[in-house]
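For reference, data06.cif (mmCIF, C-alpha atoms and all ligand atoms):
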data_protein
#
loop_
_atom_site.label_atom_id
_atom_site.label_comp_id
_atom_site.auth_asym_id
_atom_site.auth_seq_id
_atom_site.Cartn_x
_atom_site.Cartn_y
_atom_site.Cartn_z
CA MET S 1 -9.59 -13.41 -9.43
CA SER S 2 -10.50 -14.82 -12.81
CA ILE S 3 -12.67 -13.11 -15.36
CA HIS S 4 -15.19 -14.91 -17.57
CA SER S 5 -13.99 -15.12 -21.15
CA SER S 6 -17.11 -13.36 -22.44
CA LEU S 7 -16.18 -10.32 -20.38
CA ARG S 8 -12.61 -10.13 -21.66
CA THR S 9 -11.59 -7.38 -23.99
CA PRO S 10 -8.44 -7.29 -26.10
CA THR S 11 -5.28 -6.62 -24.11
CA GLY S 12 -4.53 -2.98 -23.64
CA VAL S 13 -8.05 -1.84 -24.32
CA THR S 14 -9.14 -2.87 -20.82
CA ALA S 15 -6.66 -0.62 -19.07
CA SER S 16 -7.08 2.39 -21.30
CA LEU S 17 -10.85 2.39 -21.52
CA ARG S 18 -11.99 1.35 -18.07
CA ASN S 19 -14.80 3.56 -16.83
CA VAL S 20 -13.88 3.06 -13.21
CA LEU S 21 -10.36 4.29 -12.60
CA LYS S 22 -8.24 3.57 -9.58
CA ARG S 23 -7.76 6.46 -7.23
CA PHE S 24 -4.11 6.91 -8.15
CA GLU S 25 -5.09 6.94 -11.83
CA ARG S 26 -7.58 9.73 -11.16
CA VAL S 27 -4.91 11.64 -9.24
CA ARG S 28 -2.47 11.17 -12.12
CA HIS S 29 -5.08 12.35 -14.61
CA LEU S 30 -5.77 15.49 -12.58
CA MET S 31 -2.03 16.13 -12.35
CA THR S 32 -1.55 15.88 -16.11
CA GLN S 33 -4.49 18.24 -16.58
CA GLY S 34 -2.83 20.72 -14.19
CA ALA S 35 -5.85 20.44 -11.89
CA TRP S 36 -3.98 19.18 -8.85
CA PRO S 37 -3.27 21.86 -6.28
CA GLU S 38 -0.41 20.96 -3.93
CA GLY S 39 -1.71 19.42 -0.71
CA ARG S 40 -5.14 18.51 -2.09
CA SER S 41 -7.00 15.70 -0.31
CA VAL S 42 -6.98 12.37 -2.14
CA TYR S 43 -10.65 12.01 -1.24
CA GLY S 44 -13.58 13.76 -2.93
CA LEU S 45 -11.91 13.70 -6.34
CA PRO S 46 -13.98 14.91 -9.29
CA LYS S 47 -15.42 12.28 -11.61
CA ILE S 48 -13.34 11.57 -14.65
CA LYS S 49 -15.01 10.49 -17.85
CA GLN S 50 -13.10 8.21 -20.16
CA VAL S 51 -14.01 9.13 -23.70
CA LYS S 52 -13.90 6.27 -26.16
CA LEU S 53 -12.71 7.53 -29.51
CA LYS S 54 -13.73 5.41 -32.47
CA VAL S 55 -12.05 5.82 -35.83
CA ARG S 56 -14.89 6.34 -38.27
CA LYS S 57 -15.08 3.39 -40.60
CA ALA S 58 -16.57 5.59 -43.32
CA ALA S 59 -13.51 7.81 -43.28
CA ALA S 60 -11.22 4.83 -43.68
CA LYS S 61 -13.35 3.50 -46.54
CA GLU S 62 -13.27 6.86 -48.26
CA LYS S 63 -9.48 6.82 -48.13
CA GLU S 64 -9.36 3.34 -49.62
CA GLU S 65 -11.69 4.26 -52.42
CA ALA S 66 -10.08 7.61 -53.11
CA PRO S 67 -7.60 6.47 -55.83
CA ALA S 68 -10.38 4.73 -57.84
CA GLU S 69 -12.64 7.75 -57.68
CA ALA S 70 -9.88 10.23 -58.44
CA PRO S 71 -11.30 12.77 -60.82
CA ALA S 72 -9.84 13.04 -64.28
CA THR S 73 -7.57 15.99 -64.84
CA GLY S 74 -9.53 19.10 -65.41
CA ALA S 75 -12.81 17.62 -64.18
CA ALA S 76 -14.92 19.81 -61.94
CA PRO S 77 -14.53 19.03 -58.21
CA SER S 78 -17.44 16.86 -57.03
CA SER S 79 -18.11 19.11 -54.05
CA SER S 80 -18.89 22.14 -56.17
CA SER S 81 -22.52 23.13 -56.00
CA SER S 82 -24.52 23.66 -59.07
CA MET Q 1 -3.72 11.07 10.12
CA GLN Q 2 -1.72 11.58 13.30
CA GLN Q 3 -4.36 14.12 14.37
CA ILE Q 4 -7.13 11.58 13.79
CA ASP Q 5 -5.23 9.00 15.85
CA ALA Q 6 -4.76 11.59 18.58
CA SER Q 7 -8.48 12.47 18.55
CA ALA Q 8 -9.48 8.81 18.66
CA ILE Q 9 -7.12 8.19 21.56
CA ASP Q 10 -7.34 11.41 23.59
CA ALA Q 11 -10.79 12.85 22.81
CA VAL Q 12 -12.79 9.66 22.27
CA GLY Q 13 -10.75 7.62 24.74
CA ILE Q 14 -9.91 4.58 22.61
CA PRO Q 15 -6.72 3.07 24.05
CA ARG Q 16 -3.82 2.93 21.58
CA LEU Q 17 -3.38 -0.75 22.43
CA LEU Q 18 -6.89 -1.40 21.13
CA LEU Q 19 -6.13 0.37 17.83
CA MET Q 20 -2.91 -1.58 17.58
CA GLU Q 21 -4.78 -4.83 18.13
CA HIS Q 22 -7.19 -4.01 15.29
CA ALA Q 23 -4.31 -2.89 13.08
CA GLY Q 24 -2.63 -6.24 13.72
CA LEU Q 25 -5.83 -8.12 12.85
CA ALA Q 26 -6.23 -6.12 9.63
CA VAL Q 27 -2.72 -7.19 8.63
CA VAL Q 28 -3.54 -10.81 9.45
CA ARG Q 29 -6.55 -10.67 7.09
CA ALA Q 30 -4.32 -9.38 4.30
CA VAL Q 31 -1.75 -12.10 4.92
CA HIS Q 32 -4.43 -14.77 4.76
CA HIS Q 33 -5.77 -13.36 1.55
CA LEU Q 34 -2.33 -13.79 -0.04
CA VAL Q 35 -1.20 -16.95 1.79
CA PRO Q 36 -4.15 -18.95 3.16
CA ASP Q 37 -1.95 -21.87 4.26
CA PRO Q 38 -1.48 -21.53 8.06
CA SER Q 39 1.69 -23.61 7.97
CA ALA Q 40 3.46 -21.09 5.71
CA PRO Q 41 6.55 -19.57 7.37
CA LEU Q 42 6.50 -15.78 7.61
CA VAL Q 43 9.06 -13.08 8.34
CA ILE Q 44 7.92 -9.95 10.18
CA CYS Q 45 10.28 -6.95 10.08
CA CYS Q 46 9.41 -4.39 12.73
CA GLY Q 47 10.66 -0.91 13.49
CA THR Q 48 10.81 0.67 16.91
CA GLY Q 49 7.77 2.93 16.57
CA TRP Q 50 4.05 2.23 16.59
CA ASN Q 51 4.28 0.92 13.04
CA GLY Q 52 6.54 -1.80 14.42
CA GLY Q 53 4.00 -2.31 17.20
CA ASP Q 54 1.33 -3.07 14.61
CA GLY Q 55 3.66 -5.70 13.17
CA LEU Q 56 4.18 -7.24 16.61
CA ALA Q 57 0.40 -7.26 17.17
CA ALA Q 58 -0.04 -9.12 13.87
CA ALA Q 59 2.69 -11.56 14.91
CA ARG Q 60 0.73 -12.65 17.98
CA HIS Q 61 -2.33 -13.62 15.91
CA LEU Q 62 -0.31 -15.22 13.13
CA HIS Q 63 1.46 -17.37 15.71
CA GLU Q 64 -1.90 -18.44 17.13
CA ARG Q 65 -2.99 -19.48 13.64
CA GLY Q 66 0.00 -21.76 13.36
CA HIS Q 67 2.44 -19.84 11.15
CA PRO Q 68 6.11 -20.44 11.93
CA LEU Q 69 7.41 -16.90 12.49
CA ARG Q 70 10.67 -14.99 12.45
CA VAL Q 71 10.28 -11.56 13.99
CA ALA Q 72 13.06 -8.99 13.61
CA VAL Q 73 13.11 -5.61 15.37
CA THR Q 74 15.46 -2.79 14.32
CA GLY Q 75 16.11 -1.52 17.84
CA PRO Q 76 16.60 -2.61 21.43
CA LEU Q 77 13.47 -4.28 22.77
CA ASP Q 78 13.86 -2.60 26.16
CA ARG Q 79 13.52 0.81 24.49
CA LEU Q 80 10.18 0.11 22.78
CA ARG Q 81 7.24 2.32 23.71
CA GLU Q 82 4.51 1.00 26.00
CA GLU Q 83 2.23 -0.73 23.46
CA PRO Q 84 4.85 -2.32 21.20
CA ALA Q 85 6.69 -3.42 24.35
CA ALA Q 86 3.50 -5.11 25.59
CA TYR Q 87 3.27 -7.14 22.36
CA ALA Q 88 6.97 -7.98 22.48
CA ARG Q 89 6.42 -9.35 26.01
CA ILE Q 90 3.41 -11.37 24.89
CA LEU Q 91 5.41 -12.83 21.99
CA ARG Q 92 8.24 -13.80 24.32
CA GLY Q 93 5.66 -15.47 26.56
CA LEU Q 94 4.36 -17.41 23.55
CA GLY Q 95 7.87 -18.55 22.69
CA VAL Q 96 8.28 -16.33 19.62
CA ALA Q 97 10.98 -14.02 20.90
CA PRO Q 98 11.55 -11.05 18.57
CA VAL Q 99 15.19 -10.82 17.49
CA GLU Q 100 17.01 -7.49 17.80
CA CYS Q 101 18.80 -6.52 14.57
CA LEU Q 102 20.66 -3.42 15.61
CA THR Q 103 23.11 -2.90 12.76
CA ALA Q 104 23.29 -3.64 9.05
CA GLU Q 105 26.13 -6.07 9.80
CA ALA Q 106 23.90 -8.02 12.21
CA LEU Q 107 21.35 -8.88 9.52
CA GLY Q 108 23.11 -12.11 8.57
CA PRO Q 109 20.28 -14.54 9.42
CA LEU Q 110 17.70 -12.38 7.67
CA ASP Q 111 18.65 -13.59 4.19
CA GLU Q 112 18.17 -17.19 5.29
CA TRP Q 113 14.80 -16.38 6.88
CA LEU Q 114 13.69 -14.55 3.77
CA ALA Q 115 14.71 -17.48 1.57
CA GLU Q 116 12.62 -19.88 3.67
CA CYS Q 117 9.51 -17.76 4.15
CA ARG Q 118 6.40 -17.51 1.99
CA LEU Q 119 5.59 -13.88 2.79
CA VAL Q 120 7.15 -10.87 4.50
CA ILE Q 121 5.40 -8.29 6.64
CA ASP Q 122 6.95 -4.85 6.45
CA ALA Q 123 6.29 -2.98 9.71
CA LEU Q 124 9.58 -1.05 9.72
CA LEU Q 125 8.48 2.51 9.13
CA GLY Q 126 5.09 4.16 8.92
CA ILE Q 127 3.90 7.73 8.80
CA GLY Q 128 6.20 8.77 11.63
CA ALA Q 129 9.41 8.26 9.62
CA ARG Q 130 11.47 11.37 8.90
CA GLY Q 131 14.17 11.85 6.26
CA ALA Q 132 16.30 9.28 4.47
CA VAL Q 133 15.93 5.75 5.79
CA ARG Q 134 18.70 4.96 8.28
CA GLU Q 135 20.42 1.67 9.01
CA PRO Q 136 19.61 -1.06 9.78
CA ALA Q 137 16.16 -0.44 8.24
CA ALA Q 138 17.68 0.55 4.87
CA SER Q 139 19.57 -2.75 4.50
CA MET Q 140 16.52 -4.68 5.64
CA ILE Q 141 14.40 -3.01 2.96
CA GLU Q 142 16.97 -3.88 0.29
CA ARG Q 143 17.01 -7.50 1.42
CA ILE Q 144 13.20 -7.70 1.50
CA ASN Q 145 13.01 -6.37 -2.08
CA ARG Q 146 15.78 -8.69 -3.24
CA SER Q 147 14.01 -11.74 -1.76
CA GLY Q 148 11.23 -11.52 -4.35
CA LYS Q 149 8.71 -12.74 -1.75
CA PRO Q 150 5.20 -11.23 -1.49
CA VAL Q 151 5.18 -8.34 0.98
CA VAL Q 152 2.34 -6.96 3.07
CA ALA Q 153 3.22 -3.41 4.11
CA VAL Q 154 1.77 -2.00 7.31
CA ASP Q 155 0.15 1.43 6.79
CA ILE Q 156 2.62 2.53 4.09
CA PRO Q 157 5.56 0.77 2.44
CA SER Q 158 8.64 1.59 4.52
CA GLY Q 159 10.78 4.28 2.92
CA LEU Q 160 7.92 5.92 1.06
CA ASP Q 161 7.17 9.47 2.17
CA ALA Q 162 3.58 9.39 3.45
CA ASP Q 163 2.79 12.85 2.06
CA THR Q 164 4.66 13.01 -1.25
CA GLY Q 165 5.08 9.37 -2.33
CA ARG Q 166 8.80 9.99 -2.88
CA ILE Q 167 11.33 7.33 -1.96
CA GLN Q 168 13.51 8.22 0.99
CA GLY Q 169 16.67 6.51 -0.26
CA VAL Q 170 15.13 3.06 -0.48
CA ALA Q 171 11.55 1.78 -0.18
CA VAL Q 172 9.76 -1.53 0.14
CA ARG Q 173 7.95 -2.79 -2.95
CA ALA Q 174 4.78 -4.20 -1.44
CA THR Q 175 2.31 -6.65 -2.92
CA MET Q 176 -0.40 -5.31 -0.66
CA THR Q 177 -0.50 -2.35 1.71
CA VAL Q 178 -2.93 -2.32 4.61
CA THR Q 179 -3.39 1.28 5.57
CA PHE Q 180 -5.26 2.47 8.62
CA GLY Q 181 -8.09 4.99 8.80
CA LEU Q 182 -7.62 6.77 5.49
CA ALA Q 183 -5.54 6.23 2.36
CA LYS Q 184 -2.23 8.06 2.71
CA ARG Q 185 -1.40 10.57 -0.02
CA GLY Q 186 2.01 8.98 -0.47
CA CYS Q 187 0.42 5.72 -1.66
CA LEU Q 188 -1.22 7.56 -4.55
CA LEU Q 189 1.37 10.11 -5.62
CA ALA Q 190 4.75 9.93 -7.40
CA GLU Q 191 6.40 6.52 -6.84
CA GLY Q 192 3.68 5.53 -4.35
CA PRO Q 193 1.43 3.43 -6.60
CA ALA Q 194 4.36 1.34 -7.87
CA HIS Q 195 5.44 0.51 -4.30
CA THR Q 196 2.02 0.14 -2.66
CA GLY Q 197 0.57 -2.81 -4.59
CA THR Q 198 -3.07 -3.43 -3.74
CA LEU Q 199 -4.21 -0.82 -1.26
CA VAL Q 200 -6.54 -1.93 1.52
CA VAL Q 201 -7.96 0.73 3.82
CA ASP Q 202 -9.05 -0.57 7.22
CA PRO Q 203 -10.72 1.72 9.77
CA ILE Q 204 -9.26 -0.24 12.74
CA THR Q 205 -12.33 1.00 14.68
CA ILE Q 206 -11.38 4.69 14.44
CA PRO Q 207 -14.81 6.39 14.67
CA ARG Q 208 -16.32 7.07 11.26
CA ARG Q 209 -17.13 10.63 12.29
CA LEU Q 210 -13.43 11.43 12.66
CA LEU Q 211 -12.52 9.80 9.35
CA GLU Q 212 -15.30 11.55 7.43
CA THR Q 213 -14.35 14.94 8.81
CA ALA Q 214 -10.71 14.42 7.88
CA ALA Q 215 -11.49 13.11 4.39
CA ALA Q 216 -13.80 16.01 3.53
N1 LIG S 301 -1.96 1.71 17.30
C1 LIG S 301 -2.21 2.93 17.01
O1 LIG S 301 -2.66 3.71 17.79
C2 LIG S 301 -2.00 3.38 15.68
C3 LIG S 301 -3.01 4.05 15.05
C4 LIG S 301 -2.76 4.41 13.78
C5 LIG S 301 -1.55 4.13 13.24
N2 LIG S 301 -0.57 3.46 13.89
C6 LIG S 301 0.72 3.13 13.35
O2 LIG S 301 1.69 3.95 13.86
C7 LIG S 301 2.48 4.47 12.78
C8 LIG S 301 3.07 5.77 13.21
O3 LIG S 301 3.85 5.46 14.34
P1 LIG S 301 5.04 6.36 14.85
O4 LIG S 301 4.57 7.75 14.96
O5 LIG S 301 5.61 5.70 16.02
O6 LIG S 301 6.05 6.34 13.66
P2 LIG S 301 6.75 5.14 12.87
O7 LIG S 301 6.27 5.24 11.49
O8 LIG S 301 6.62 3.89 13.59
O9 LIG S 301 8.25 5.64 12.87
C9 LIG S 301 8.89 6.08 14.04
C10 LIG S 301 10.05 5.17 14.35
O10 LIG S 301 10.91 5.07 13.23
C11 LIG S 301 12.18 5.63 13.51
N3 LIG S 301 12.54 6.46 12.38
C12 LIG S 301 12.05 7.67 12.02
N4 LIG S 301 12.57 8.09 10.87
C13 LIG S 301 13.44 7.12 10.48
C14 LIG S 301 14.32 6.99 9.37
N5 LIG S 301 14.39 7.91 8.42
N6 LIG S 301 15.06 5.86 9.26
C15 LIG S 301 14.99 4.90 10.21
N7 LIG S 301 14.20 4.99 11.30
C16 LIG S 301 13.41 6.07 11.43
C17 LIG S 301 12.03 6.41 14.77
O11 LIG S 301 13.21 6.32 15.50
P3 LIG S 301 13.82 7.63 16.18
O12 LIG S 301 12.80 8.04 17.18
O13 LIG S 301 15.10 7.14 16.75
O14 LIG S 301 13.98 8.63 15.06
C18 LIG S 301 10.88 5.67 15.47
O15 LIG S 301 11.35 4.58 16.18
C19 LIG S 301 1.54 4.49 11.63
O16 LIG S 301 2.18 4.45 10.38
C20 LIG S 301 0.73 3.25 11.86
O17 LIG S 301 1.37 2.12 11.32
C21 LIG S 301 -0.79 3.09 15.11
#

Mind turning the file's structure into structure tokens?
Ligand SMILES: NC(=O)c1ccc[n+]([C@@H]2O[C@H](COP(=O)([O-])OP(=O)(O)OC[C@H]3O[C@@H](n4cnc5c(N)ncnc54)[C@H](OP(=O)(O)O)[C@@H]3O)[C@@H](O)[C@H]2O)c1
Amino acid sequence: MSIHSSLRTPTGVTASLRNVLKRFERVRHLMTQGAWPEGRSVYGLPKIKQVKLKVRKAAAKEKEEAPAEAPATGAAPSSSSS
Amino acid sequence: MQQIDASAIDAVGIPRLLLMEHAGLAVVRAVHHLVPDPSAPLVICCGTGWNGGDGLAAARHLHERGHPLRVAVTGPLDRLREEPAAYARILRGLGVAPVECLTAEALGPLDEWLAECRLVIDALLGIGARGAVREPAASMIERINRSGKPVVAVDIPSGLDADTGRIQGVAVRATMTVTFGLAKRGCLLAEGPAHTGTLVVDPITIPRRLLETAAA
């Protein structure tokens, strides 16, 4: 089956961030979490939420800007409260 | 699953032949999804149990649709159980005589058939298989995998343990598996997902009440 180009996501992201997992993927997830008792039915599996972790842009920016803003030797740290 | 089959057959009174007919038709639907061309040659590898019977049931319908067929059976045809034997008789009547392949050495023509075909149906072993795969089924499985042709597995890829998903020496790598009643644990655990391909669950008219009770 083909997928419309507007619905495509970059390769790799699709598989790792799908909200609907295949049954064997849910089983595997439960196994890695140690929540798979031997002999459990493959039906009635608990829902598994895929959490999308976003790297905060602000944090990255801060890092970039850090050398420019580096305080002069002996200057008071900016975080210190007055 | 065997208990559900037994309940459907003994308690509800659905004849096994009827379940086998529906199992065969479910396999035919899968084949047509993968290879819609009715002139495509097919190879059907059948075991001597009911799994093989499902393959023979599919063969009858695929022949009717026009597919040139090669049907191989891993045991003597005169030792098949009642329902598979009925389908073997029907096939003979239709002029598609299943060929007995009794030893690994007797599999000579299989490579040629596999080279010519567009798709293989694996009905060698189902949930009734026990222990490491024996000959000639083991050699057949190796040849099917080596052929690189799309494979539709009946109920579970042959050689995969239905409960654990572990390979019993050698196992078919299916493109699609048509499983009956409920998904088998073995298709979802361990090496199962890599050998199962797309999993299709078909109820083959087993009453929903029985399936829901078993799945709960
Ligand atoms: N129509 C129906 O009513 C219905 C309903 C649901 C499912 N089914 C089908 O029936 C299947 C179960 O049928 P079944 O109980 O007859 O079992 P099976 O899966 O067909 O396997 C049993 C056959 O395989 C042979 N066998 C067992 N272990 C083996 C091994 N390790 N290596 C090589 N051969 C082996 C047995 O021979 P020996 O006896 O010589 O060991 C026997 O001939 C299901 O998977 C499904 O496909 C049918």

All file atoms of ligand LIG 301 (chain S) boxed axis-aligned, 5 Å per side, centre plus edges, as lines of an AutoDock Vina configuration file:
center_x = 6.0
center_y = 5.2
center_z = 13.1
size_x = 28.1
size_y = 16.9
size_z = 19.4

Query - Pick from S:Glu65, S:Arg28, S:Pro37, S:Lys54 nearest to chain Q, counting all atoms listed in the file - result: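 Closest to chain Q, using all atoms listed in the file: S:Arg28.
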
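With distances taken over only C-alpha atoms and all ligand atoms, Q:Gly49 is the one residue among Q:Gly49, Q:Pro36, Q:Pro207, Q:Gly181 lying closest to ligand LIG 301 (chain S).
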
With all atoms listed in the file as the atoms that count, which of S:Gln50, S:Ser41, S:Gln33, S:Ser2 lies nearest to chain Q?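 Once distances to chain Q are computed over all atoms listed in the file, the minimum belongs to S:Ser41.
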
Can you check which parts of chain S lie within 8 Å of chain Q? Per residue, the shortest pair of atoms and distance in Å to one decimal, counting all atoms listed in the file, sorted by chain and number, as a Markdown table.
| residue | atom | partner | partner_atom | distance |
| --- | --- | --- | --- | --- |
| S:Arg23 | CA | Q:Leu188 | CA | 7.2 |
| S:Phe24 | CA | Q:Leu188 | CA | 4.7 |
| S:Val27 | CA | Q:Leu188 | CA | 7.2 |
| S:Arg28 | CA | Q:Leu189 | CA | 7.6 |
| S:Ser41 | CA | Q:Ala215 | CA | 7.0 |
| S:Val42 | CA | Q:Arg185 | CA | 6.2 |
| S:Tyr43 | CA | Q:Ala215 | CA | 5.8 |
| S:Gly44 | CA | Q:Ala216 | CA | 6.8 |

Margin query: Show me, as a PyMOL selection string, the residues that have an atom within 8 Å of Leu102 (chain Q) when counting all atoms listed in the file, minus same-chain residues fewer than 2 positions from it.
Written below: chain Q and resi 73-76+100+104+106+136

Given 7 Å and all atoms listed in the file, residues near ligand LIG 301 (chain S) as a VMD selection string: chain Q and resid 5 16 to 20 23 47 to 52 54 124 to 135 137 154 to 156 180

Of S:Arg56, S:Glu25, S:Pro46, S:Thr32, the one nearest to Ala194 (chain Q) when counting all atoms listed in the file is S:Glu25

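Note that the spacing between CA of Gly24 (chain Q) and CA of Ala57 (chain Q) amounts to 4.7 Å.
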
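For the pair CA of Tyr87 (chain Q) and CA of Gly108 (chain Q), the separation is 24.7 Å.
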
Atomic separation - CA of Ser139 (chain Q) relative to CA of Val35 (chain Q), Å: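 Separating CA of Val35 (chain Q) from CA of Ser139 (chain Q) is a distance of 25.3 Å.
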
Residues near Thr196 (chain Q), anyone? I mean within 8 Å using all atoms listed in the file, not counting same-chain ones fewer than 4 positions away, as a VMD selection string.
chain Q and resid 153 156 to 157 173 to 177 187 192

- Quick one: residues within 12 Å of Lys49 (chain S), all atoms listed in the file counted, chain neighbours fewer than 5 positions away excluded, as a list of chain:residue names?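 Once the adjacent positions are removed, what remains is S:Ser16, S:Leu17, S:Arg18, S:Asn19, S:Val20, S:Leu21, S:Arg26, S:His29, S:Leu30.
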
Shortest contact to Leu34 (chain Q), candidates Q:Ile204, Q:Ile167, Q:Arg118, Q:Arg146, atoms counted all atoms listed in the file, goes to Q:Arg118

At a cut-off of 7 Å from (3.5, -23.5, 11.8) in the coordinates of the file, what residues are picked up using only C-alpha atoms, written as a VMD selection string?
-> chain Q and resid 38 to 41 66 to 68

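Each of Q:Glu82, Q:Glu64, Q:Asp37, Q:Glu21 was compared to Thr205 (chain Q) using only C-alpha atoms, and Q:Glu21 turns out to be the nearest.
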